[in-house]
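The file query_20.cif contains mmCIF, C-alpha atoms:
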data_target
loop_
_atom_site.label_atom_id
_atom_site.label_comp_id
_atom_site.auth_asym_id
_atom_site.auth_seq_id
_atom_site.Cartn_x
_atom_site.Cartn_y
_atom_site.Cartn_z
CA MET G 1 -24.43 -37.32 -4.19
CA GLN G 2 -25.22 -35.76 -7.55
CA GLU G 3 -22.76 -36.31 -10.37
CA ILE G 4 -21.35 -33.07 -11.79
CA LEU G 5 -19.53 -32.39 -15.05
CA ILE G 6 -17.46 -29.25 -15.51
CA LYS G 7 -17.60 -28.98 -19.28
CA ASP G 8 -15.09 -27.69 -21.80
CA ALA G 9 -12.77 -25.61 -19.62
CA GLY G 10 -10.98 -22.98 -21.66
CA LEU G 11 -7.80 -23.77 -19.74
CA LEU G 12 -7.40 -26.15 -16.81
CA LEU G 13 -4.45 -25.66 -14.48
CA THR G 14 -4.30 -29.03 -12.75
CA MET G 15 -1.44 -28.43 -10.27
CA ASP G 16 -0.94 -32.19 -10.48
CA GLY G 17 2.46 -33.86 -10.25
CA ASP G 18 3.34 -32.79 -13.80
CA ARG G 19 1.67 -29.35 -13.48
CA ARG G 20 -0.33 -30.08 -16.63
CA GLU G 21 -2.24 -27.29 -18.36
CA LEU G 22 -5.11 -28.67 -20.43
CA ALA G 23 -7.24 -26.86 -23.01
CA GLY G 24 -10.86 -27.83 -23.67
CA SER G 25 -11.00 -30.49 -20.97
CA ASP G 26 -13.88 -31.75 -18.84
CA ILE G 27 -13.86 -32.75 -15.16
CA LEU G 28 -16.21 -35.44 -13.89
CA ILE G 29 -17.10 -35.37 -10.19
CA LEU G 30 -18.89 -37.99 -8.11
CA ASP G 31 -19.36 -38.23 -4.35
CA GLY G 32 -17.18 -35.20 -3.74
CA LYS G 33 -14.18 -36.53 -5.64
CA ILE G 34 -12.75 -36.05 -9.10
CA THR G 35 -13.24 -39.26 -11.04
CA GLU G 36 -12.06 -38.40 -14.56
CA ILE G 37 -10.45 -35.64 -16.61
CA GLY G 38 -10.67 -35.66 -20.39
CA LYS G 39 -12.51 -34.46 -23.46
CA ASP G 40 -16.10 -35.17 -24.43
CA LEU G 41 -17.04 -36.73 -21.09
CA ILE G 42 -20.73 -37.31 -20.46
CA THR G 43 -22.98 -37.30 -17.41
CA LYS G 44 -26.59 -37.72 -16.43
CA GLY G 45 -26.01 -35.22 -13.65
CA LYS G 46 -25.53 -31.47 -13.59
CA VAL G 47 -23.36 -29.79 -16.21
CA ILE G 48 -21.44 -26.62 -15.36
CA PRO G 49 -20.24 -24.97 -18.57
CA ALA G 50 -16.68 -23.63 -18.44
CA ARG G 51 -15.99 -22.67 -22.05
CA GLY G 52 -13.67 -19.69 -22.15
CA CYS G 53 -12.98 -19.97 -18.41
CA LEU G 54 -9.85 -20.65 -16.42
CA VAL G 55 -10.26 -23.58 -14.02
CA THR G 56 -7.94 -24.07 -11.05
CA PRO G 57 -7.94 -25.96 -7.78
CA GLY G 58 -9.67 -24.03 -5.03
CA LEU G 59 -7.26 -21.70 -3.28
CA VAL G 60 -5.99 -22.54 0.21
CA ASN G 61 -5.65 -20.08 3.10
CA THR G 62 -3.17 -21.22 5.74
CA HIS G 63 -3.50 -18.42 8.32
CA HIS G 64 -6.41 -16.28 9.51
CA HIS G 65 -8.00 -14.80 12.61
CA MET G 66 -11.61 -14.67 11.53
CA PHE G 67 -12.93 -13.00 14.67
CA GLN G 68 -11.00 -9.91 13.61
CA SER G 69 -13.41 -9.16 10.77
CA LEU G 70 -15.37 -7.22 13.40
CA THR G 71 -12.48 -4.80 13.87
CA ARG G 72 -11.34 -3.73 10.43
CA ALA G 73 -9.75 -0.32 10.02
CA VAL G 74 -9.97 0.65 13.70
CA PRO G 75 -8.61 4.23 13.60
CA ALA G 76 -6.19 3.94 16.53
CA ALA G 77 -4.68 0.76 15.06
CA GLN G 78 -4.43 1.81 11.43
CA ASP G 79 -0.84 3.05 11.58
CA ALA G 80 0.59 1.03 14.47
CA LEU G 81 3.34 -1.58 14.50
CA LEU G 82 2.46 -5.09 15.66
CA PHE G 83 2.80 -4.78 19.45
CA ASP G 84 1.07 -1.37 19.63
CA TRP G 85 -1.57 -2.61 17.20
CA LEU G 86 -2.31 -5.50 19.55
CA LYS G 87 -2.53 -3.22 22.59
CA VAL G 88 -5.24 -1.16 20.85
CA LEU G 89 -7.29 -4.17 19.83
CA TYR G 90 -7.01 -6.53 22.81
CA PRO G 91 -9.54 -4.54 24.94
CA ILE G 92 -12.03 -4.53 22.06
CA TRP G 93 -11.67 -8.27 21.46
CA ALA G 94 -12.22 -8.88 25.17
CA ARG G 95 -15.86 -7.79 24.63
CA LEU G 96 -16.61 -10.45 22.02
CA GLY G 97 -18.79 -13.48 22.71
CA PRO G 98 -20.23 -16.55 20.97
CA GLU G 99 -22.44 -14.60 18.55
CA GLU G 100 -19.57 -12.36 17.49
CA ILE G 101 -17.30 -15.35 16.88
CA HIS G 102 -19.98 -17.13 14.85
CA VAL G 103 -20.93 -14.17 12.67
CA SER G 104 -17.40 -12.89 12.09
CA THR G 105 -16.26 -16.37 11.07
CA GLN G 106 -19.03 -16.59 8.50
CA VAL G 107 -18.18 -13.17 7.10
CA ALA G 108 -14.51 -14.09 6.81
CA LEU G 109 -15.29 -17.41 5.12
CA ALA G 110 -17.78 -15.81 2.74
CA GLU G 111 -15.17 -13.27 1.69
CA LEU G 112 -12.62 -16.03 1.15
CA ALA G 113 -15.08 -18.14 -0.85
CA LEU G 114 -15.81 -15.27 -3.22
CA SER G 115 -12.07 -15.01 -3.88
CA GLY G 116 -11.90 -18.70 -4.85
CA CYS G 117 -10.77 -20.18 -1.52
CA SER G 118 -12.08 -23.67 -0.76
CA LEU G 119 -9.96 -24.61 2.29
CA SER G 120 -9.03 -22.32 5.16
CA SER G 121 -7.41 -22.58 8.53
CA ASP G 122 -8.36 -20.25 11.39
CA HIS G 123 -6.41 -19.30 14.51
CA LEU G 124 -8.83 -18.48 17.33
CA TYR G 125 -6.73 -17.60 20.37
CA ILE G 126 -9.28 -15.68 22.45
CA MET G 127 -12.24 -17.28 24.23
CA PRO G 128 -13.97 -14.35 25.99
CA ASN G 129 -17.43 -14.33 27.53
CA GLY G 130 -18.22 -17.99 26.89
CA ALA G 131 -16.95 -18.12 23.30
CA ARG G 132 -15.53 -21.45 22.17
CA LEU G 133 -13.95 -22.96 19.08
CA ASP G 134 -17.29 -24.70 18.61
CA ASP G 135 -18.80 -21.36 17.52
CA SER G 136 -16.47 -20.98 14.57
CA ILE G 137 -16.78 -24.65 13.59
CA ALA G 138 -20.57 -24.37 13.48
CA ALA G 139 -20.25 -21.21 11.37
CA ALA G 140 -17.96 -22.91 8.86
CA SER G 141 -20.28 -25.89 8.44
CA GLU G 142 -23.02 -23.50 7.32
CA VAL G 143 -20.83 -21.68 4.79
CA GLY G 144 -19.56 -24.95 3.31
CA LEU G 145 -15.81 -24.38 3.11
CA ARG G 146 -13.32 -27.02 4.16
CA PHE G 147 -12.15 -25.85 7.57
CA HIS G 148 -9.02 -26.27 9.69
CA PRO G 149 -9.77 -24.43 12.95
CA THR G 150 -7.02 -24.26 15.54
CA ARG G 151 -7.57 -24.03 19.28
CA GLY G 152 -5.43 -21.05 20.16
CA SER G 153 -4.51 -19.79 23.60
CA MET G 154 -2.85 -17.07 25.66
CA SER G 155 -1.70 -17.70 29.22
CA ILE G 156 0.72 -14.88 30.11
CA GLY G 157 -0.98 -11.55 30.71
CA GLU G 158 0.31 -8.08 31.49
CA SER G 159 0.65 -8.80 35.20
CA LYS G 160 3.27 -11.48 34.40
CA GLY G 161 5.14 -9.50 31.76
CA GLY G 162 3.09 -10.61 28.75
CA LEU G 163 1.47 -8.45 26.11
CA PRO G 164 -2.26 -9.36 26.38
CA PRO G 165 -4.47 -8.03 29.18
CA ASP G 166 -5.16 -10.48 31.98
CA SER G 167 -8.84 -10.53 30.99
CA LEU G 168 -7.96 -12.49 27.84
CA ILE G 169 -5.69 -15.15 29.31
CA GLU G 170 -6.65 -18.67 30.45
CA ALA G 171 -5.20 -21.08 32.95
CA GLU G 172 -2.91 -23.53 31.19
CA ARG G 173 -4.62 -26.59 32.63
CA ASP G 174 -7.95 -25.33 31.27
CA ILE G 175 -6.38 -24.68 27.87
CA LEU G 176 -5.01 -28.21 27.58
CA GLU G 177 -8.26 -29.80 28.76
CA ASP G 178 -10.23 -27.85 26.17
CA CYS G 179 -7.71 -28.77 23.47
CA ILE G 180 -8.44 -32.42 24.23
CA ARG G 181 -12.18 -31.76 24.17
CA VAL G 182 -12.28 -30.04 20.77
CA VAL G 183 -9.96 -32.55 19.11
CA ASP G 184 -12.05 -35.45 20.38
CA ALA G 185 -15.29 -33.74 19.36
CA PHE G 186 -14.44 -32.31 15.94
CA HIS G 187 -11.18 -33.55 14.42
CA ASP G 188 -11.58 -35.82 11.39
CA SER G 189 -8.37 -37.44 10.19
CA ALA G 190 -10.00 -39.21 7.23
CA GLU G 191 -9.16 -38.36 3.64
CA GLY G 192 -11.64 -35.79 2.35
CA ALA G 193 -12.36 -34.49 5.85
CA MET G 194 -14.28 -31.22 6.03
CA CYS G 195 -12.96 -30.34 9.51
CA ARG G 196 -9.58 -30.93 11.08
CA VAL G 197 -8.55 -29.34 14.37
CA GLY G 198 -5.07 -28.08 15.18
CA LEU G 199 -3.50 -26.77 18.40
CA ALA G 200 -2.16 -23.24 18.34
CA PRO G 201 -0.77 -21.27 21.29
CA CYS G 202 -0.91 -17.70 20.06
CA SER G 203 2.77 -16.84 20.10
CA PRO G 204 5.94 -17.34 22.15
CA PHE G 205 5.34 -13.97 23.82
CA SER G 206 1.83 -14.81 25.07
CA VAL G 207 2.25 -18.34 26.48
CA SER G 208 4.80 -20.05 28.70
CA ARG G 209 7.60 -22.36 27.62
CA GLU G 210 5.74 -25.14 29.46
CA LEU G 211 2.53 -24.61 27.51
CA MET G 212 4.42 -24.64 24.20
CA ARG G 213 6.08 -27.92 25.17
CA ASP G 214 2.94 -29.53 26.60
CA THR G 215 0.90 -28.54 23.54
CA ALA G 216 3.48 -30.15 21.28
CA LEU G 217 3.32 -33.35 23.33
CA LEU G 218 -0.47 -33.33 23.23
CA ALA G 219 -0.50 -32.78 19.46
CA ALA G 220 1.82 -35.74 19.01
CA ASP G 221 -0.43 -37.89 21.19
CA LYS G 222 -3.57 -36.83 19.32
CA GLN G 223 -1.83 -36.82 15.92
CA VAL G 224 -2.95 -33.31 15.04
CA MET G 225 -1.03 -30.33 13.68
CA LEU G 226 0.60 -27.43 15.50
CA HIS G 227 0.46 -23.76 14.58
CA THR G 228 1.69 -20.44 16.01
CA HIS G 229 3.16 -17.06 15.04
CA LEU G 230 6.93 -16.91 14.68
CA ALA G 231 9.59 -14.33 13.79
CA GLU G 232 7.01 -11.83 12.58
CA ASN G 233 9.03 -8.61 12.99
CA ASP G 234 12.10 -7.12 14.65
CA GLN G 235 10.27 -6.74 17.98
CA ASP G 236 9.49 -10.46 17.87
CA ILE G 237 13.17 -11.33 17.40
CA ALA G 238 14.25 -8.96 20.18
CA TYR G 239 11.69 -10.47 22.58
CA SER G 240 12.92 -14.00 21.83
CA GLU G 241 16.55 -13.10 22.36
CA ALA G 242 15.83 -11.15 25.57
CA HIS G 243 13.50 -13.70 27.19
CA PHE G 244 14.66 -17.04 25.78
CA GLY G 245 18.29 -16.33 24.98
CA CYS G 246 17.95 -17.57 21.42
CA ARG G 247 16.33 -16.85 18.08
CA PRO G 248 12.73 -17.99 17.40
CA GLY G 249 13.73 -20.91 15.20
CA GLN G 250 15.96 -22.38 17.90
CA TYR G 251 13.25 -21.85 20.52
CA ALA G 252 10.75 -23.68 18.32
CA GLU G 253 13.12 -26.58 17.72
CA GLU G 254 13.94 -26.99 21.43
CA LEU G 255 10.24 -27.29 22.32
CA GLY G 256 9.21 -29.74 19.60
CA TRP G 257 7.81 -27.15 17.23
CA THR G 258 9.46 -28.26 13.99
CA GLY G 259 8.45 -31.02 11.59
CA PRO G 260 5.88 -31.69 8.86
CA HIS G 261 3.06 -31.52 11.43
CA VAL G 262 3.95 -27.88 12.26
CA TRP G 263 3.39 -24.66 10.36
CA HIS G 264 4.31 -21.17 11.52
CA ALA G 265 2.72 -17.89 10.46
CA HIS G 266 4.76 -15.02 9.00
CA CYS G 267 8.44 -16.00 9.53
CA VAL G 268 9.40 -12.63 8.07
CA LYS G 269 12.66 -12.48 10.00
CA LEU G 270 13.96 -16.03 9.69
CA ASP G 271 17.70 -16.04 9.08
CA ALA G 272 19.56 -18.45 6.79
CA GLY G 273 20.09 -20.97 9.57
CA GLU G 274 16.40 -21.02 10.44
CA VAL G 275 15.43 -21.39 6.79
CA ASP G 276 17.76 -24.39 6.60
CA LEU G 277 16.22 -25.82 9.80
CA PHE G 278 12.71 -25.51 8.38
CA ALA G 279 13.78 -27.05 5.08
CA ARG G 280 15.46 -30.04 6.75
CA SER G 281 12.53 -30.64 9.10
CA LYS G 282 9.83 -29.83 6.50
CA THR G 283 8.30 -27.27 8.84
CA GLY G 284 5.66 -25.23 7.01
CA VAL G 285 5.30 -21.47 6.67
CA ALA G 286 2.12 -19.42 6.18
CA HIS G 287 3.19 -16.36 4.20
CA CYS G 288 0.96 -13.32 4.85
CA PRO G 289 2.31 -10.56 2.59
CA CYS G 290 -0.52 -8.02 2.89
CA SER G 291 -0.51 -8.11 6.68
CA ASN G 292 3.28 -7.93 6.74
CA CYS G 293 3.07 -4.78 4.59
CA ARG G 294 0.16 -3.32 6.56
CA LEU G 295 2.02 -3.66 9.90
CA GLY G 296 5.39 -2.71 8.45
CA SER G 297 6.91 -6.04 9.47
CA GLY G 298 8.96 -6.59 6.33
CA VAL G 299 9.14 -9.03 3.43
CA ALA G 300 9.48 -12.72 4.23
CA PRO G 301 12.30 -14.50 2.31
CA ILE G 302 9.91 -16.74 0.41
CA ARG G 303 12.19 -17.18 -2.61
CA ALA G 304 14.96 -18.43 -0.35
CA MET G 305 12.51 -20.69 1.51
CA ARG G 306 11.17 -22.23 -1.69
CA ASP G 307 14.65 -22.75 -3.09
CA ALA G 308 15.71 -24.48 0.14
CA GLY G 309 12.65 -26.74 0.17
CA VAL G 310 10.56 -25.14 2.93
CA PRO G 311 6.82 -25.89 2.46
CA VAL G 312 5.13 -22.52 1.89
CA GLY G 313 1.45 -21.56 1.70
CA LEU G 314 -0.40 -18.25 1.72
CA GLY G 315 -2.45 -16.65 4.48
CA VAL G 316 -4.61 -13.54 4.50
CA ASP G 317 -4.02 -13.19 8.26
CA GLY G 318 -6.58 -11.42 10.43
CA SER G 319 -9.08 -9.05 8.94
CA ALA G 320 -7.83 -6.38 11.35
CA SER G 321 -4.31 -6.45 9.94
CA ASN G 322 -4.96 -6.89 6.24
CA ASP G 323 -7.80 -5.46 6.30
CA THR G 324 -9.38 -7.73 3.74
CA GLY G 325 -9.56 -11.44 3.02
CA ASN G 326 -9.16 -11.82 -0.73
CA LEU G 327 -6.80 -14.69 -1.44
CA VAL G 328 -6.24 -13.69 -5.08
CA ALA G 329 -5.07 -10.28 -3.90
CA GLU G 330 -2.83 -12.02 -1.35
CA ALA G 331 -1.24 -14.18 -4.02
CA ARG G 332 -0.62 -11.19 -6.29
CA GLN G 333 1.00 -9.31 -3.41
CA ALA G 334 3.22 -12.28 -2.63
CA MET G 335 4.43 -12.39 -6.22
CA LEU G 336 5.08 -8.65 -6.41
CA LEU G 337 6.97 -8.46 -3.10
CA GLN G 338 9.42 -11.16 -4.16
CA ARG G 339 9.95 -9.29 -7.43
CA VAL G 340 10.51 -5.89 -5.85
CA THR G 341 13.09 -7.30 -3.44
CA ARG G 342 14.80 -9.85 -5.71
CA GLY G 343 14.07 -8.90 -9.33
CA ALA G 344 11.28 -9.31 -11.87
CA ASP G 345 12.17 -12.95 -12.47
CA ALA G 346 12.08 -13.88 -8.77
CA MET G 347 8.60 -15.39 -8.80
CA SER G 348 6.24 -16.12 -11.68
CA ALA G 349 2.46 -15.91 -11.68
CA ARG G 350 2.26 -19.67 -12.14
CA GLU G 351 4.56 -20.46 -9.23
CA THR G 352 2.64 -18.11 -6.95
CA LEU G 353 -0.65 -19.71 -7.94
CA GLU G 354 0.89 -23.07 -7.12
CA ILE G 355 1.79 -21.75 -3.65
CA ALA G 356 -1.82 -20.57 -3.27
CA THR G 357 -3.24 -24.01 -4.13
CA ARG G 358 -1.09 -27.10 -3.92
CA GLY G 359 1.47 -25.39 -1.67
CA GLY G 360 -1.09 -24.38 0.94
CA ALA G 361 -2.75 -27.78 0.90
CA ASP G 362 0.60 -29.47 1.52
CA VAL G 363 1.39 -27.11 4.41
CA LEU G 364 -1.91 -28.11 6.03
CA GLY G 365 -1.21 -31.80 5.50
CA ARG G 366 -3.84 -32.16 2.79
CA PRO G 367 -2.39 -33.96 -0.25
CA ASP G 368 -6.00 -34.81 -1.11
CA CYS G 369 -6.62 -31.10 -1.87
CA GLY G 370 -4.99 -28.36 -3.89
CA ARG G 371 -4.73 -30.23 -7.18
CA ILE G 372 -7.14 -31.39 -9.89
CA GLU G 373 -6.61 -35.05 -10.65
CA PRO G 374 -8.62 -38.26 -10.31
CA GLY G 375 -9.09 -39.37 -6.73
CA LYS G 376 -8.57 -35.91 -5.22
CA CYS G 377 -11.22 -33.78 -3.52
CA ALA G 378 -13.44 -31.84 -5.88
CA ASP G 379 -12.46 -28.38 -4.63
CA ILE G 380 -12.50 -26.40 -7.85
CA ALA G 381 -12.54 -22.71 -8.80
CA ILE G 382 -13.88 -21.49 -12.14
CA TRP G 383 -12.76 -18.02 -13.23
CA ASP G 384 -14.56 -15.97 -15.89
CA ILE G 385 -11.76 -14.44 -17.93
CA SER G 386 -14.00 -12.70 -20.46
CA GLY G 387 -14.29 -9.44 -18.50
CA VAL G 388 -12.55 -6.10 -18.66
CA ASP G 389 -9.94 -7.13 -16.07
CA THR G 390 -8.58 -9.77 -18.46
CA ALA G 391 -9.25 -8.03 -21.78
CA GLY G 392 -6.09 -8.02 -23.88
CA SER G 393 -4.31 -10.73 -21.89
CA TRP G 394 -2.20 -13.12 -23.93
CA ASP G 395 -1.99 -15.74 -21.21
CA PRO G 396 -5.15 -16.90 -19.41
CA ALA G 397 -3.03 -18.80 -16.87
CA ALA G 398 -1.46 -15.55 -15.66
CA LEU G 399 -4.44 -14.91 -13.38
CA LEU G 400 -2.33 -12.97 -10.89
CA LEU G 401 -1.07 -10.55 -13.54
CA ALA G 402 -4.34 -9.94 -15.36
CA GLY G 403 -7.50 -11.55 -14.09
CA PRO G 404 -10.59 -11.31 -11.92
CA MET G 405 -10.41 -10.94 -8.15
CA ARG G 406 -13.74 -12.72 -7.73
CA VAL G 407 -14.43 -16.32 -8.66
CA ARG G 408 -17.36 -17.22 -10.93
CA ASP G 409 -18.06 -20.65 -9.44
CA LEU G 410 -16.57 -22.49 -6.48
CA LEU G 411 -17.11 -26.14 -5.65
CA VAL G 412 -16.05 -27.65 -2.32
CA GLN G 413 -16.29 -31.42 -2.02
CA GLY G 414 -18.34 -31.27 -5.21
CA ARG G 415 -20.91 -28.88 -3.71
CA GLU G 416 -21.54 -25.42 -5.12
CA VAL G 417 -20.64 -22.69 -2.64
CA VAL G 418 -20.37 -19.84 -5.16
CA ARG G 419 -22.43 -19.72 -8.36
CA HIS G 420 -22.25 -16.88 -10.87
CA SER G 421 -20.11 -14.89 -8.40
CA GLN G 422 -22.74 -15.12 -5.66
CA LEU G 423 -22.51 -17.05 -2.41
CA VAL G 424 -25.31 -19.64 -2.46
CA THR G 425 -24.99 -21.25 0.97
CA LEU G 426 -25.96 -18.22 3.07
CA ASP G 427 -28.03 -15.04 2.78
CA LEU G 428 -25.04 -12.73 2.39
CA PRO G 429 -26.87 -9.37 2.70
CA HIS G 430 -28.44 -10.54 5.97
CA LEU G 431 -25.05 -11.75 7.22
CA VAL G 432 -23.42 -8.40 6.43
CA GLU G 433 -26.25 -6.61 8.23
CA ARG G 434 -25.67 -8.74 11.35
CA GLN G 435 -21.92 -8.11 11.21
CA ASN G 436 -22.39 -4.36 10.90
CA ARG G 437 -24.83 -4.35 13.82
CA LEU G 438 -22.33 -6.13 16.04
CA THR G 439 -19.55 -3.81 14.90
CA ARG G 440 -21.63 -0.75 15.78
CA GLN G 441 -22.23 -2.17 19.25
CA LEU G 442 -18.50 -2.60 19.75
CA MET G 443 -17.86 0.96 18.59
CA GLU G 444 -20.52 2.38 20.89
CA SER G 445 -19.11 0.56 23.93
CA ALA G 446 -15.51 1.60 23.21
#

When written as structure tokens, how does the structure in this file appear?
Amino acid sequence: MQEILIKDAGLLLTMDGDRRELAGSDILILDGKITEIGKDLITKGKVIPARGCLVTPGLVNTHHHMFQSLTRAVPAAQDALLFDWLKVLYPIWARLGPEEIHVSTQVALAELALSGCSLSSDHLYIMPNGARLDDSIAAASEVGLRFHPTRGSMSIGESKGGLPPDSLIEAERDILEDCIRVVDAFHDSAEGAMCRVGLAPCSPFSVSRELMRDTALLAADKQVMLHTHLAENDQDIAYSEAHFGCRPGQYAEELGWTGPHVWHAHCVKLDAGEVDLFARSKTGVAHCPCSNCRLGSGVAPIRAMRDAGVPVGLGVDGSASNDTGNLVAEARQAMLLQRVTRGADAMSARETLEIATRGGADVLGRPDCGRIEPGKCADIAIWDISGVDTAGSWDPAALLLAGPMRVRDLLVQGREVVRHSQLVTLDLPHLVERQNRLTRQLMESA
């Protein structure tokens, strides 16, 4: 692989163990890894100038539903709470197929890449009309982002008291067999892996207790991670108490859904006891502030979680509940929500950026990502801070207070994915045209 030198960074936020901030430093990259950081480094390979720029680790997205990028701003769902929002969208999603999954995944990843994201998870819990997790994995390999797809599932439909229509549910035996298939086919446990597969029943209100338990046992056997939605809003809590006789955190613990190999999305309504449980067990949380605002779910107690020692990362959530996928905007929202609920000193721009990089990588079990130091993966974002959005700023590191929403350059495993604020791995105008065509077809058949 070509050697690359990022030259003379205006300011480098390493997010290493000491959280060093280095002025005028170079980063040498070889074979997808960072080999050296220092001044006046030399290379015979490609030089990427970074004078006057802010350089950070690539951002990490810990929760998404990429298929939903086909259903942004659906009028009937724009002002609905979570359960009603789902009831509007389920019938539309039931008409998706392999092409829709492939194209929508690429659109979602392209949007993330342009916002500086180098590693993203995805929660695909519908498999209609022959669609498979394979479709999203193939899409990600073409975009070039590091990808953590999760094989989601729903098994309890309306006829059995569940929320999703029966047309979107699967038999639990089929779900488990396909989980085994995709893990065996695509999961790479090696350091520097570009694809790791997780197992992810959609939520406690769309699968059985048995499937939650069996999935946890399978994940332990296959040594892969577990993911689901948990404690997202008041309706979620009420459902858990009515159907399971306990709060979501207790339900998760009873079924083997706590530990460093588990991360839960949202957790807006965790109480103090559940926060303590997650801290003790090192269970991760994907914080999705824009979606939580959009659906009126509330503000997750991220300050309390961080103070207790809960691993926390950021997630943009589905494109139908955000309705965008800009991880810089997500990080800014996370910072502002903690401030508006707990005071202006509740969360700094630097701490929030740490959550968006190192924090997210740790939640996903990737200590090889999310920091810039020798031996780590060369997932690096370069931000042009010479524009009008940063003009007058006294602190270039305060990207989330005053800074660009679009990355200048993004490297993933030492490969350029974004160059001069343009995606270079795909024909983006053609991709957008395909996405809009598929969206029009969905609208016409509604």

Near-Gly315 of chain G list (6 Å; only C-alpha atoms; drop same-chain fewer than 2 positions) as a PyMOL selection string: chain G and resi 61-63+286-288+317

Given the choices G:Cys293, G:Ile355, G:Ala346, G:Cys246, which gets closest to Asn322 of chain G if the distance is worked out from all atoms listed in the file? G:Cys293

Skip segment 6-16 of chain G itself and residues of its chain fewer than 3 positions away, then list as JSON, numbers by chain all residues within 9 Å of it, counting only C-alpha atoms. {"G": [19, 20, 21, 22, 23, 24, 25, 26, 27, 28, 29, 39, 40, 41, 42, 46, 47, 48, 49, 50, 51, 52, 53, 54, 55, 56, 57, 354, 357, 358, 370, 371, 372, 373, 382, 396, 397]}

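Among the candidates G:Ser319, G:Asp221, G:Trp263, G:Pro204, the one nearest to Ser240 of chain G when counting only C-alpha atoms is G:Pro204.
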
Shell of 9 Å around Gly359 of chain G, all atoms listed in the file, local chain residues under 2 positions omitted, as an MDAnalysis selection string: chainID G and resid 60 311:314 353:357 361:364 370

Name the residues in contact with Ser121 of chain G at a cut-off of 12 Å, using all atoms listed in the file, excluding same-chain residues fewer than 6 positions from it; report them as a PyMOL selection string. chain G and resi 59-66+105+108-109+112+136-137+140+145-152+194-200+225-228+263+265+286+313-318+360-361+363-366

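The nearest approach to Leu86 of chain G among the residues G:Gln2, G:Ser321, G:Val407, G:Leu119, with all atoms listed in the file taken into account, belongs to G:Ser321.
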
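Taking atom CA of Ile180 of chain G as the reference point, atom CA of Gly162 of chain G is found at 25.1 Å.
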
Carefully work through the PyMOL selection byres ((chain G and resi 90) around 10) for this structure and note down the residues it includes, as number ranges by chain. G: 85-89, 91-95, 126, 163-165, 167-168

Once you add 3 Å to each side, what are the centre and edge lengths of the axis-aligned box holding all listed atoms of segment 133-150 of chain G? One decimal in Å, as AutoDock Vina command-line options, if you can.
--center_x -15.0 --center_y -24.0 --center_z 11.1 --size_x 22.0 --size_y 12.0 --size_z 22.0

Complete the atom set of segment 431-440 of chain G to N, CA, C and O atoms and return it as an mmCIF file, keeping the file's coordinate frame.
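Produced file rebuild-v2.cif, reproduced below:
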data_model
loop_
_atom_site.group_PDB
_atom_site.id
_atom_site.type_symbol
_atom_site.label_atom_id
_atom_site.label_comp_id
_atom_site.auth_asym_id
_atom_site.auth_seq_id
_atom_site.Cartn_x
_atom_site.Cartn_y
_atom_site.Cartn_z
ATOM 1 N N LEU G 431 -26.262 -11.527 6.428
ATOM 2 C CA LEU G 431 -25.050 -11.750 7.220
ATOM 3 C C LEU G 431 -24.277 -10.448 7.402
ATOM 4 O O LEU G 431 -23.824 -10.137 8.508
ATOM 5 N N VAL G 432 -24.132 -9.680 6.342
ATOM 6 C CA VAL G 432 -23.420 -8.400 6.430
ATOM 7 C C VAL G 432 -24.140 -7.449 7.374
ATOM 8 O O VAL G 432 -23.514 -6.729 8.167
ATOM 9 N N GLU G 433 -25.462 -7.464 7.329
ATOM 10 C CA GLU G 433 -26.250 -6.610 8.230
ATOM 11 C C GLU G 433 -25.997 -6.988 9.687
ATOM 12 O O GLU G 433 -25.823 -6.109 10.549
ATOM 13 N N ARG G 434 -25.958 -8.288 9.983
ATOM 14 C CA ARG G 434 -25.670 -8.740 11.350
ATOM 15 C C ARG G 434 -24.264 -8.308 11.779
ATOM 16 O O ARG G 434 -24.064 -7.846 12.900
ATOM 17 N N GLN G 435 -23.304 -8.488 10.885
ATOM 18 C CA GLN G 435 -21.920 -8.110 11.210
ATOM 19 C C GLN G 435 -21.824 -6.610 11.500
ATOM 20 O O GLN G 435 -21.175 -6.203 12.472
ATOM 21 N N ASN G 436 -22.462 -5.799 10.689
ATOM 22 C CA ASN G 436 -22.390 -4.360 10.900
ATOM 23 C C ASN G 436 -23.088 -3.934 12.196
ATOM 24 O O ASN G 436 -22.640 -3.006 12.878
ATOM 25 N N ARG G 437 -24.155 -4.644 12.551
ATOM 26 C CA ARG G 437 -24.830 -4.350 13.820
ATOM 27 C C ARG G 437 -23.910 -4.646 14.994
ATOM 28 O O ARG G 437 -23.787 -3.836 15.937
ATOM 29 N N LEU G 438 -23.246 -5.772 14.959
ATOM 30 C CA LEU G 438 -22.330 -6.130 16.040
ATOM 31 C C LEU G 438 -21.140 -5.174 16.100
ATOM 32 O O LEU G 438 -20.668 -4.814 17.183
ATOM 33 N N THR G 439 -20.659 -4.755 14.930
ATOM 34 C CA THR G 439 -19.550 -3.810 14.900
ATOM 35 C C THR G 439 -19.958 -2.469 15.515
ATOM 36 O O THR G 439 -19.202 -1.862 16.284
ATOM 37 N N ARG G 440 -21.153 -2.013 15.199
ATOM 38 C CA ARG G 440 -21.630 -0.750 15.780
ATOM 39 C C ARG G 440 -21.726 -0.834 17.299
ATOM 40 O O ARG G 440 -21.383 0.109 18.009
#
